[in-house]
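So this block is data.cif, mmCIF, C-alpha atoms:
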data_upload
loop_
_atom_site.label_atom_id
_atom_site.label_comp_id
_atom_site.auth_asym_id
_atom_site.auth_seq_id
_atom_site.Cartn_x
_atom_site.Cartn_y
_atom_site.Cartn_z
CA MET T 9 141.58 97.64 104.13
CA ASP T 10 139.70 100.81 103.22
CA MET T 11 137.02 100.77 100.57
CA PRO T 12 137.53 103.31 97.82
CA LYS T 13 135.44 106.41 98.34
CA MET T 14 132.41 106.75 96.05
CA THR T 15 132.57 109.55 93.54
CA GLU T 16 129.78 112.11 93.54
CA ARG T 17 128.50 110.59 90.31
CA ASP T 18 128.44 107.08 91.86
CA ARG T 19 126.72 108.43 94.97
CA LEU T 20 124.10 110.18 92.85
CA ALA T 21 123.47 107.01 90.82
CA ASP T 22 123.11 105.01 94.04
CA LEU T 23 120.65 107.52 95.52
CA GLU T 24 118.61 107.56 92.31
CA ALA T 25 118.45 103.76 92.32
CA ARG T 26 117.25 103.79 95.94
CA GLN T 27 114.65 106.42 95.09
CA ARG T 28 113.32 104.31 92.18
CA LYS T 29 113.10 101.27 94.46
CA MET T 30 111.26 103.28 97.15
CA ASN T 31 108.84 104.68 94.55
CA ASP T 32 108.14 101.14 93.33
CA GLU T 33 107.49 100.00 96.91
CA LEU T 34 105.16 102.96 97.52
CA GLU T 35 103.18 102.22 94.38
CA SER T 36 102.91 98.55 95.31
CA ALA T 37 101.62 99.44 98.79
CA ARG T 38 99.08 101.87 97.29
CA ARG T 39 97.80 99.21 94.88
CA ALA T 40 97.45 96.67 97.69
CA LEU T 41 95.52 99.09 99.91
CA ARG T 42 93.27 100.21 97.06
CA GLY T 43 92.60 96.58 96.19
CA LYS T 44 91.58 95.90 99.79
CA TYR T 45 89.20 98.87 99.74
CA ALA T 46 87.82 97.85 96.34
CA ALA T 47 86.98 94.42 97.75
CA MET T 48 84.96 96.11 100.53
CA ILE T 49 82.98 98.07 97.94
CA ALA T 50 81.95 94.82 96.23
CA GLU T 51 79.98 93.92 99.37
CA MET T 52 78.09 97.25 99.59
CA PRO T 53 74.84 98.16 97.81
CA VAL T 54 76.47 100.92 95.76
CA GLU T 55 73.95 100.38 92.96
CA LYS T 56 71.62 102.68 94.93
CA LEU T 57 73.88 105.56 93.87
CA THR T 58 74.60 106.84 90.40
CA GLU T 59 78.20 106.58 89.29
CA LYS T 60 78.47 110.37 89.50
CA GLU T 61 77.09 110.41 93.08
CA PHE T 62 79.40 107.60 94.14
CA ARG T 63 82.47 109.29 92.70
CA GLU T 64 81.53 112.68 94.19
CA LEU T 65 80.84 111.14 97.60
CA LEU T 66 84.22 109.44 97.71
CA THR T 67 86.03 112.47 96.31
CA GLN T 68 84.57 114.78 98.94
CA ALA T 69 85.13 112.30 101.77
CA ILE T 70 88.78 111.93 100.79
CA ARG T 71 89.16 115.70 100.36
CA VAL T 72 87.92 116.58 103.88
CA GLY T 73 89.27 113.48 105.59
CA GLY T 74 87.56 110.41 106.97
CA SER T 75 86.69 111.73 110.43
CA ALA T 76 85.17 114.98 109.15
CA ALA T 77 83.19 113.13 106.48
CA LEU T 78 81.82 110.63 109.01
CA THR T 79 80.83 113.40 111.40
CA ALA T 80 78.99 115.25 108.62
CA VAL T 81 77.17 112.15 107.32
CA LYS T 82 76.19 110.89 110.77
CA GLY T 83 74.56 114.25 111.45
CA LEU T 84 72.16 113.82 108.55
CA PRO T 85 68.60 112.56 109.13
CA ALA T 86 67.89 108.94 108.19
CA ALA T 87 66.64 108.36 104.65
CA ILE T 88 63.03 107.49 104.22
#
Once more with this new file: its structure as structure tokens, please.
Amino acid sequence: MDMPKMTERDRLADLEARQRKMNDELESARRALRGKYAAMIAEMPVEKLTEKEFRELLTQAIRVGGSAALTAVKGLPAAI
């Protein structure tokens, strides 16, 4: 027995529902990963930085990518 063919409107509604579900899953995965990273921050002495320095440091590291940021920072002389 053949299933009736979906109309274009039904197909569009189905695709939109799948897209919403995928977007929800993406957002959930982002929140979980960000929560994991936030927990790591709680164990670091970030109080040595101002909030502005901390935000700028993370923003620039994310902008250039992790490997490039690590290479740049490791090349700096040790703090006194």
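By all atoms listed in the file, and with residues fewer than 5 positions from segment 38-51 of chain T along its chain excluded, the set lying at most 12 Å from it is Asn31, Asp32, Glu33, Phe62 and Leu66 of chain T.
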Listed atoms of segment 65-82 of chain T boxed along x, y and z, 4 Å each side, centre and edge lengths in Å, one decimal, as AutoDock Vina command-line options:
--center_x 82.7 --center_y 113.0 --center_z 103.9 --size_x 21.1 --size_y 15.1 --size_z 23.1
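Going from atom CA of Leu57 of chain T over to atom CA of Leu84 of chain T, you cover 16.9 Å.
The gap separating atom CA of Val81 of chain T from atom CA of Leu65 of chain T is 10.4 Å, in Å to one decimal.
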Study note, to complete from the structure: Computed gap from atom CA of Glu55 of chain T to atom CA of Val72 of chain T is 24.0 Å
